[in-house]
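**Student:** Structure file entry_16.cif (mmCIF, C-alpha atoms and all ligand atoms) right here:
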data_run
loop_
_atom_site.label_atom_id
_atom_site.label_comp_id
_atom_site.auth_asym_id
_atom_site.auth_seq_id
_atom_site.Cartn_x
_atom_site.Cartn_y
_atom_site.Cartn_z
CA MET A 1 67.96 134.50 67.31
CA ASP A 2 67.63 136.46 64.03
CA ASP A 3 64.00 137.34 64.78
CA LEU A 4 64.97 138.55 68.23
CA ILE A 5 67.73 140.79 66.84
CA GLN A 6 65.29 142.25 64.31
CA ARG A 7 62.78 142.93 67.04
CA LEU A 8 65.49 144.63 69.10
CA ARG A 9 66.48 146.91 66.20
CA LYS A 10 62.84 147.87 65.59
CA GLU A 11 62.18 148.60 69.26
CA HIS A 12 65.31 150.70 69.57
CA GLN A 13 64.58 152.65 66.39
CA ALA A 14 60.96 153.25 67.42
CA VAL A 15 61.88 154.70 70.82
CA PHE A 16 65.24 156.41 70.21
CA GLY A 17 64.93 157.22 66.49
CA VAL A 18 68.27 155.60 65.57
CA GLU A 19 69.61 152.12 64.92
CA PRO A 20 71.68 150.65 67.77
CA ALA A 21 75.39 151.09 67.01
CA VAL A 22 76.27 147.96 68.96
CA VAL A 23 74.20 144.78 69.36
CA ALA A 24 75.09 141.72 71.43
CA TYR A 25 73.30 138.46 72.10
CA ALA A 26 73.64 136.01 75.01
CA PRO A 27 71.71 132.75 75.50
CA GLY A 28 70.13 131.34 78.65
CA ARG A 29 71.39 128.03 79.98
CA VAL A 30 70.17 124.68 81.18
CA GLU A 31 72.04 122.74 83.85
CA ILE A 32 72.12 119.10 82.75
CA LEU A 33 74.03 117.44 85.61
CA GLY A 34 75.95 118.82 88.60
CA ASN A 35 73.73 120.74 91.01
CA HIS A 36 75.21 123.33 93.39
CA THR A 37 78.69 122.09 92.54
CA ASP A 38 79.99 125.25 90.87
CA TYR A 39 80.65 127.29 94.02
CA ASN A 40 82.11 124.14 95.61
CA GLU A 41 84.80 124.17 92.91
CA GLY A 42 83.35 121.04 91.33
CA PHE A 43 82.11 119.95 87.90
CA VAL A 44 79.00 120.66 85.84
CA LEU A 45 77.56 119.57 82.50
CA SER A 46 75.36 122.31 81.07
CA ALA A 47 74.30 123.83 77.77
CA ALA A 48 73.54 127.24 76.34
CA ILE A 49 69.97 127.13 75.01
CA ASP A 50 68.26 128.38 71.85
CA ALA A 51 66.70 131.36 73.62
CA GLY A 52 68.42 134.46 74.92
CA ILE A 53 68.60 138.21 75.27
CA ALA A 54 69.55 140.79 72.63
CA PHE A 55 71.01 144.06 73.91
CA GLY A 56 71.57 147.18 71.79
CA LEU A 57 73.22 150.56 72.45
CA SER A 58 73.52 153.90 70.67
CA PRO A 59 75.44 156.95 71.90
CA ALA A 60 73.60 159.72 73.78
CA ASP A 61 74.51 163.43 73.61
CA GLU A 62 74.87 163.64 77.38
CA ASP A 63 76.49 161.63 80.17
CA ALA A 64 73.21 160.10 81.25
CA CYS A 65 72.09 156.61 80.27
CA THR A 66 68.58 155.51 79.38
CA LEU A 67 67.93 151.79 79.38
CA ARG A 68 64.68 150.27 78.23
CA ALA A 69 63.40 146.75 78.90
CA ALA A 70 61.25 146.37 75.79
CA ASP A 71 59.48 143.26 77.10
CA PHE A 72 58.24 144.96 80.28
CA GLY A 73 57.77 148.42 78.72
CA GLU A 74 59.89 149.98 81.50
CA SER A 75 62.79 152.44 81.31
CA VAL A 76 65.40 153.61 83.78
CA ARG A 77 67.87 156.47 83.77
CA PHE A 78 71.19 156.59 85.57
CA GLN A 79 74.58 158.27 85.38
CA ALA A 80 77.16 156.50 83.25
CA VAL A 81 79.91 157.17 85.80
CA ASN A 82 77.86 155.93 88.73
CA PRO A 83 75.05 153.53 87.79
CA GLY A 84 74.22 152.65 91.45
CA ARG A 85 71.72 149.96 92.38
CA THR A 86 67.99 150.36 92.76
CA ASP A 87 65.15 148.72 94.67
CA ARG A 88 62.62 149.70 92.03
CA GLU A 89 63.36 148.37 88.55
CA ARG A 90 65.33 145.43 89.87
CA TRP A 91 66.01 144.02 86.41
CA SER A 92 68.25 147.05 85.81
CA ASN A 93 70.61 146.05 88.63
CA TYR A 94 72.25 143.43 86.39
CA PRO A 95 73.37 145.82 83.64
CA ARG A 96 74.11 148.55 86.19
CA GLY A 97 76.40 146.21 88.10
CA VAL A 98 78.05 144.97 84.92
CA LEU A 99 78.79 148.51 83.75
CA ALA A 100 80.23 149.52 87.13
CA PHE A 101 82.49 146.45 87.42
CA LEU A 102 83.59 146.51 83.76
CA ARG A 103 84.73 150.06 84.28
CA GLU A 104 86.54 149.12 87.48
CA ARG A 105 88.29 146.25 85.68
CA TYR A 106 89.19 148.02 82.41
CA GLY A 107 89.35 151.64 83.52
CA PHE A 108 87.53 153.34 80.61
CA ARG A 109 85.53 156.54 80.87
CA PRO A 110 81.85 155.53 80.56
CA ARG A 111 79.83 157.39 77.93
CA GLY A 112 76.12 158.12 77.98
CA PHE A 113 73.95 155.78 75.94
CA GLN A 114 70.49 154.80 74.93
CA GLY A 115 69.96 151.10 75.41
CA THR A 116 67.26 148.56 74.64
CA PHE A 117 67.04 144.88 75.40
CA CYS A 118 64.50 142.15 74.74
CA GLY A 119 64.51 138.40 75.05
CA ASP A 120 62.76 135.11 74.46
CA ILE A 121 63.80 133.21 77.62
CA PRO A 122 60.89 132.45 79.93
CA VAL A 123 61.53 134.62 83.02
CA ALA A 124 61.73 132.93 86.46
CA ALA A 125 61.85 129.47 84.87
CA GLY A 126 65.38 128.77 86.11
CA LEU A 127 66.93 129.24 82.66
CA SER A 128 69.17 132.14 83.71
CA SER A 129 67.64 135.10 82.00
CA SER A 130 69.68 137.14 84.50
CA ALA A 131 73.01 135.73 83.29
CA ALA A 132 71.92 136.30 79.69
CA LEU A 133 71.25 139.93 80.58
CA GLU A 134 74.62 140.30 82.32
CA ILE A 135 76.57 138.76 79.47
CA SER A 136 74.71 140.47 76.61
CA SER A 137 75.03 143.85 78.34
CA GLY A 138 78.68 143.15 79.19
CA LEU A 139 79.53 142.39 75.56
CA ALA A 140 77.61 145.43 74.35
CA PHE A 141 79.15 147.81 76.94
CA SER A 142 82.63 146.51 76.10
CA ALA A 143 82.26 147.05 72.35
CA PHE A 144 80.59 150.42 72.94
CA HIS A 145 83.63 151.60 74.92
CA GLY A 146 86.13 150.05 72.53
CA ILE A 147 87.46 147.36 74.83
CA VAL A 148 87.69 143.61 74.41
CA ALA A 149 86.81 141.81 77.64
CA GLU A 150 88.08 138.23 78.03
CA LYS A 151 85.31 135.68 78.46
CA LEU A 152 86.29 134.64 81.97
CA ALA A 153 86.64 138.24 83.11
CA LEU A 154 83.16 138.93 81.76
CA ALA A 155 81.74 135.85 83.50
CA LYS A 156 83.20 137.06 86.82
CA ILE A 157 81.86 140.57 86.30
CA GLY A 158 78.38 139.12 85.73
CA GLN A 159 78.72 137.01 88.86
CA ARG A 160 79.81 140.05 90.86
CA ALA A 161 76.74 141.94 89.66
CA GLU A 162 74.61 139.08 91.07
CA HIS A 163 76.48 139.12 94.38
CA GLU A 164 76.68 142.85 94.97
CA PHE A 165 73.74 144.28 93.03
CA ALA A 166 71.18 141.45 93.29
CA GLY A 167 72.26 139.85 96.59
CA VAL A 168 72.62 136.24 95.35
CA ARG A 169 75.96 134.51 96.03
CA CYS A 170 75.77 132.40 92.88
CA GLY A 171 78.63 130.46 91.34
CA LEU A 172 79.84 130.94 87.76
CA LEU A 173 77.77 128.26 86.07
CA ASP A 174 75.20 130.49 84.41
CA GLN A 175 77.67 133.00 83.01
CA ILE A 176 80.14 130.36 81.79
CA SER A 177 77.39 128.32 80.11
CA SER A 178 76.07 131.41 78.34
CA LEU A 179 79.55 132.32 77.10
CA PHE A 180 80.98 128.90 76.23
CA GLY A 181 77.93 127.13 74.76
CA ARG A 182 78.33 125.05 71.59
CA GLU A 183 75.77 123.80 69.12
CA GLN A 184 74.76 120.18 69.66
CA ALA A 185 77.12 119.79 72.62
CA LEU A 186 77.21 120.04 76.38
CA VAL A 187 79.68 122.26 78.19
CA PHE A 188 81.76 120.38 80.74
CA THR A 189 83.26 122.84 83.21
CA ASP A 190 85.81 122.35 85.95
CA PHE A 191 85.00 125.14 88.40
CA ARG A 192 88.40 125.00 90.01
CA SER A 193 90.53 125.57 86.94
CA LEU A 194 87.61 127.29 85.15
CA GLU A 195 88.37 125.31 82.03
CA ALA A 196 85.35 124.61 79.85
CA ASP A 197 85.37 121.69 77.44
CA THR A 198 82.59 120.25 75.28
CA VAL A 199 81.04 116.78 75.11
CA SER A 200 78.78 115.62 72.26
CA LEU A 201 75.18 114.62 72.85
CA PRO A 202 74.39 110.93 72.47
CA GLN A 203 72.88 110.06 69.06
CA GLY A 204 69.09 110.01 68.89
CA THR A 205 68.46 111.90 72.14
CA ALA A 206 67.05 115.33 72.97
CA PHE A 207 66.40 117.43 76.04
CA LEU A 208 63.02 118.72 77.06
CA ILE A 209 62.66 121.52 79.53
CA ALA A 210 59.47 121.75 81.55
CA ASP A 211 58.72 124.79 83.69
CA THR A 212 56.65 123.93 86.78
CA GLY A 213 55.45 127.52 86.87
CA VAL A 214 56.25 127.80 90.58
CA LYS A 215 58.86 129.90 92.25
CA HIS A 216 59.50 129.78 95.98
CA THR A 217 59.47 133.32 97.38
CA LEU A 218 62.61 132.76 99.45
CA VAL A 219 64.74 131.34 96.64
CA ASP A 220 67.59 133.83 97.06
CA SER A 221 67.91 133.47 100.82
CA GLU A 222 67.57 129.66 100.58
CA TYR A 223 70.29 129.63 97.94
CA ASN A 224 72.65 131.70 100.09
CA GLU A 225 71.89 129.50 103.10
CA ARG A 226 72.78 126.33 101.14
CA ARG A 227 76.02 127.89 100.03
CA ARG A 228 76.88 128.82 103.62
CA ARG A 229 76.21 125.24 104.75
CA CYS A 230 78.54 123.88 102.06
CA GLU A 231 81.25 126.28 103.22
CA GLU A 232 80.75 125.13 106.81
CA ALA A 233 81.06 121.51 105.69
CA ALA A 234 84.29 122.25 103.80
CA ALA A 235 85.70 123.97 106.91
CA ALA A 236 84.75 120.97 109.05
CA PHE A 237 86.49 118.58 106.64
CA ARG A 238 89.52 120.85 106.63
CA ARG A 239 89.72 120.47 110.40
CA ILE A 240 89.46 116.69 110.06
CA LEU A 241 91.54 116.04 106.94
CA GLY A 242 93.91 118.99 106.86
CA PRO A 243 94.58 122.05 104.68
CA GLY A 244 94.35 119.98 101.48
CA ILE A 245 90.59 120.44 101.65
CA ALA A 246 90.07 123.78 99.93
CA ALA A 247 86.41 123.14 99.03
CA LEU A 248 83.85 120.31 98.93
CA ARG A 249 85.42 119.37 95.60
CA ASP A 250 88.19 117.73 97.65
CA VAL A 251 85.82 115.54 99.68
CA THR A 252 84.81 112.09 98.38
CA ARG A 253 81.69 110.07 99.02
CA ALA A 254 83.85 107.68 101.04
CA ASP A 255 84.95 110.61 103.29
CA MET A 256 81.31 111.56 103.72
CA MET A 257 80.49 108.09 105.06
CA LYS A 258 83.63 107.72 107.15
CA TYR A 259 83.28 111.01 109.02
CA ARG A 260 79.52 111.21 109.16
CA ASP A 261 79.37 111.35 112.97
CA ARG A 262 81.97 114.12 113.15
CA LEU A 263 79.75 116.59 111.31
CA ASP A 264 76.62 118.40 112.38
CA PRO A 265 73.82 116.27 110.82
CA ASP A 266 72.28 119.22 108.96
CA VAL A 267 75.62 120.27 107.53
CA TRP A 268 76.38 116.66 106.56
CA LYS A 269 73.09 116.35 104.72
CA ARG A 270 73.70 119.46 102.65
CA ALA A 271 77.28 118.50 101.79
CA ALA A 272 76.26 115.00 100.67
CA HIS A 273 74.54 116.53 97.65
CA PRO A 274 77.38 118.41 95.90
CA VAL A 275 79.86 115.67 96.85
CA GLY A 276 77.65 113.03 95.19
CA GLU A 277 76.94 115.34 92.26
CA ASN A 278 80.63 115.80 91.51
CA GLU A 279 81.10 112.06 91.19
CA ARG A 280 77.96 111.74 89.08
CA VAL A 281 79.17 114.42 86.66
CA LEU A 282 82.50 112.65 86.15
CA THR A 283 80.76 109.28 85.66
CA GLY A 284 78.17 110.94 83.43
CA ALA A 285 80.76 112.57 81.19
CA GLU A 286 82.34 109.14 80.65
CA ALA A 287 78.93 107.66 79.83
CA LEU A 288 78.34 110.40 77.25
CA LYS A 289 81.70 109.74 75.64
CA ARG A 290 80.69 106.06 75.27
CA GLY A 291 77.32 107.16 73.87
CA ASP A 292 75.55 105.48 76.79
CA ALA A 293 72.48 107.69 77.13
CA ALA A 294 70.67 105.21 79.39
CA ALA A 295 73.46 105.31 82.00
CA PHE A 296 73.54 109.09 81.81
CA GLY A 297 69.76 109.25 82.29
CA ARG A 298 69.97 107.12 85.44
CA LEU A 299 72.46 109.59 86.90
CA MET A 300 69.98 112.39 86.24
CA PHE A 301 67.32 110.57 88.27
CA GLU A 302 69.85 109.98 91.07
CA SER A 303 70.74 113.66 91.02
CA HIS A 304 67.12 114.61 91.55
CA GLU A 305 66.74 112.14 94.37
CA SER A 306 69.79 113.63 96.06
CA SER A 307 68.35 117.15 95.70
CA ARG A 308 65.12 115.98 97.23
CA LYS A 309 66.62 114.02 100.06
CA TYR A 310 69.80 115.84 101.04
CA PHE A 311 69.80 119.37 99.69
CA GLU A 312 66.04 119.90 99.98
CA ASN A 313 66.03 122.28 97.07
CA SER A 314 63.21 120.47 95.27
CA CYS A 315 59.48 121.12 95.76
CA PRO A 316 56.30 119.01 95.35
CA GLU A 317 55.78 120.24 91.79
CA LEU A 318 59.30 119.30 90.65
CA ASP A 319 59.01 115.94 92.40
CA ALA A 320 55.67 115.23 90.68
CA LEU A 321 57.14 116.14 87.33
CA VAL A 322 60.22 113.97 87.69
CA GLU A 323 58.16 111.07 89.00
CA ALA A 324 55.72 111.35 86.09
CA ALA A 325 58.62 111.53 83.62
CA GLY A 326 60.08 108.32 85.03
CA LYS A 327 56.94 106.41 84.05
CA ILE A 328 56.88 107.49 80.41
CA GLN A 329 58.30 105.25 77.67
CA GLY A 330 61.27 106.84 75.97
CA VAL A 331 62.28 109.02 78.94
CA LEU A 332 65.89 108.30 79.92
CA GLY A 333 66.36 110.71 82.82
CA ALA A 334 64.87 113.74 84.57
CA ARG A 335 65.90 116.13 87.33
CA LEU A 336 65.48 119.65 88.58
CA SER A 337 67.78 122.11 86.85
CA GLY A 338 69.48 125.14 88.40
CA GLY A 339 69.05 126.62 91.86
CA GLY A 340 65.86 124.67 92.62
CA PHE A 341 62.90 125.59 94.89
CA GLY A 342 60.70 125.68 91.76
CA GLY A 343 61.61 126.53 88.20
CA SER A 344 62.24 123.89 85.57
CA ALA A 345 63.07 120.23 85.24
CA VAL A 346 65.21 118.92 82.41
CA VAL A 347 64.26 115.61 80.80
CA LEU A 348 66.48 113.45 78.57
CA VAL A 349 64.35 111.68 75.95
CA GLU A 350 64.57 109.55 72.86
CA LYS A 351 64.42 112.19 70.16
CA ASP A 352 61.84 110.50 67.90
CA ARG A 353 59.41 110.24 70.73
CA SER A 354 59.79 113.76 72.08
CA PRO A 355 56.40 115.14 70.90
CA ALA A 356 54.53 112.17 72.40
CA ILE A 357 56.58 112.37 75.61
CA ALA A 358 55.89 116.11 75.96
CA ALA A 359 52.15 115.48 75.63
CA SER A 360 52.14 112.59 78.15
CA LEU A 361 54.18 114.62 80.61
CA ALA A 362 51.81 117.59 80.37
CA SER A 363 48.77 115.43 81.04
CA ALA A 364 50.41 113.51 83.89
CA TYR A 365 51.46 116.79 85.52
CA ALA A 366 47.99 118.29 85.07
CA ALA A 367 46.50 115.19 86.73
CA ALA A 368 48.99 115.29 89.61
CA ARG A 369 49.17 119.03 90.30
CA GLY A 370 46.28 120.57 88.37
CA ARG A 371 48.63 122.90 86.50
CA ARG A 372 49.46 123.50 82.86
CA LEU A 373 52.84 122.40 81.62
CA GLU A 374 54.33 123.08 78.21
CA PRO A 375 57.49 121.00 77.88
CA ARG A 376 59.64 122.10 74.98
CA VAL A 377 62.69 120.74 73.24
CA VAL A 378 65.81 122.81 73.96
CA LEU A 379 68.65 122.78 71.49
CA PRO A 380 72.15 123.10 72.91
CA SER A 381 73.35 126.23 71.17
CA ALA A 382 76.34 128.47 70.53
CA GLY A 383 77.42 130.89 73.24
CA ALA A 384 77.13 134.67 73.52
CA ARG A 385 78.43 136.92 70.75
CA LEU A 386 78.65 140.43 69.45
CA VAL A 387 76.29 140.82 66.52
CA THR A 388 77.33 144.30 65.32
C1 LIG B 401 71.93 128.83 90.13
C2 LIG B 401 73.25 129.58 90.31
C3 LIG B 401 74.43 128.77 89.75
C4 LIG B 401 74.43 127.35 90.33
C5 LIG B 401 73.05 126.71 90.21
C6 LIG B 401 72.95 125.40 90.94
O1 LIG B 401 71.64 128.69 88.77
O2 LIG B 401 73.18 130.85 89.66
O3 LIG B 401 75.64 129.44 90.02
O4 LIG B 401 74.90 127.34 91.64
O5 LIG B 401 72.03 127.55 90.73
O6 LIG B 401 73.78 124.45 90.38
#
Could you write out this file's structure as structure tokens?
**Tutor:**
Amino acid sequence: MDDLIQRLRKEHQAVFGVEPAVVAYAPGRVEILGNHTDYNEGFVLSAAIDAGIAFGLSPADEDACTLRAADFGESVRFQAVNPGRTDRERWSNYPRGVLAFLRERYGFRPRGFQGTFCGDIPVAAGLSSSAALEISSGLAFSAFHGIVAEKLALAKIGQRAEHEFAGVRCGLLDQISSLFGREQALVFTDFRSLEADTVSLPQGTAFLIADTGVKHTLVDSEYNERRRRCEEAAAAFRRILGPGIAALRDVTRADMMKYRDRLDPDVWKRAAHPVGENERVLTGAEALKRGDAAAFGRLMFESHESSRKYFENSCPELDALVEAAGKIQGVLGARLSGGGFGGSAVVLVEKDRSPAIAASLASAYAAARGRRLEPRVVLPSAGARLVT
């Protein structure tokens, strides 16, 4: 993180001729267990990772804002009072949305600024560089305007930027993980109460993250479609079981089996995934508390199988990767992580063997799919913070 902050300061100074007055940092995240459960008011185990985005601001003499994405060498200009959304530099929609909704929530008068951001999260790998951009910009904009935004308010503002400025109806997982991360621990979140707790990692284990390098072109519309199906399923269960069913969180695996023939088969199939995931997360959290990494790893494999079979948010590359991982000595579990349809898999390994496992996984994946893979150890890390 320190190198990234230094790079940010240099970039800002080189382009704007001054040091940023405010600097914030927010990490990416990895979803460990609990897939598509967040918007179903369920449970997730996740972690903030040791890669993120640094975002710096200095005051401008006018009301206009200039924001520069140092990594892409692109800049945008917009009015502080009305950032608007754009179809051109789409990356800028996240900070634009965050600024607009922060102002709506806290009612300050936005000032012009010069802004720079840069990061070290692989883009489009499913590690939530977008949430890191929302949260780092949100912290920086807050400090710049002299307000203190509560963490949950900031998470919801980031989510709203995704919904209204980027068109993805995501849950709150990415923003909460980025804000509530802890070193050496997983974040356990209840997405109904929005309480985030932490659970320690089992001794002698580590997580590898392996980016398949593929991204389905329809990810956003597929994601929104899955969410709609889950909402349909919850409504169907509400008709069957009564108003106590507020979301799929309230449906059990036993209900799924009992009422199978009362639901549209496609809707049933989609709902089976988050319902199973919720139970796996609760069982998994207990396994972690006992230090039973092997049991936890098995749940990760089951989670992937459920994605593949029911939610159909996997892809041949992710399947090949998880299958290859399952054959390597010292691998305890593997599954797709995040929205799916490409992106990364997360692998739980015996720590001492992680370099050998990474090498075997890369060669097995190259043999299966003819593509390069560079699995790397991710360290569960502290959450977002204001640096200056
Ligand atoms: C994406 C979304 C999250 C969550 C995951 C799937 O990362 O942004 O809100 O739904 O997919 O668990």
**Student:** Within 7 Å of ligand LIG 401 (chain B) (counting only C-alpha atoms and all ligand atoms), which residues show up? I'd like them as a VMD selection string.
**Tutor:** chain A and resid 31 34 to 39 126 128 170 to 174 338 to 339
**Student:** Kindly indicate which residue among A:Pro122, A:Gly213, A:Gly112, A:Gly167 lies nearest to Phe141 of chain A, using only C-alpha atoms for the distances.
**Tutor:**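 Once distances to Phe141 of chain A are computed over only C-alpha atoms, the minimum belongs to A:Gly112.
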**Student:** Please indicate the distance in Å from atom CA of Phe117 of chain A to atom CA of Phe16 of chain A, rounded to one decimal place.
**Tutor:**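 One can read the atom CA of Phe117 of chain A to atom CA of Phe16 of chain A distance as 12.8 Å.
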**Student:** Taking into account all atoms listed in the file, which residue in the set A:Glu41, A:Asp220, A:Asp50, A:Asp87 is nearest to Asp120 of chain A?
**Tutor:** A:Asp50
**Student:** If you count all atoms listed in the file, which residues fall within 8 Å of His12 of chain A, apart from same-chain ones fewer than 4 positions away, as a list in words?
**Tutor:**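 Contacts, in chain order: Leu8, Phe16, Gly17, Val18, Glu19, Pro20, Gly56, Gly115 and Thr116 of chain A.
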**Student:** Which distance in Å separates atom CA of Thr198 of chain A and atom CA of Val347 of chain A, to one decimal?
**Tutor:**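 We find that atom CA of Thr198 of chain A and atom CA of Val347 of chain A lie 19.7 Å from each other.
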**Student:** Which residue gives the smallest distance to Val377 of chain A among A:Ala235, A:Ile32, A:Leu348, A:Leu241, with only C-alpha atoms counted?
**Tutor:**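 Closest to Val377 of chain A of all the choices is A:Leu348.
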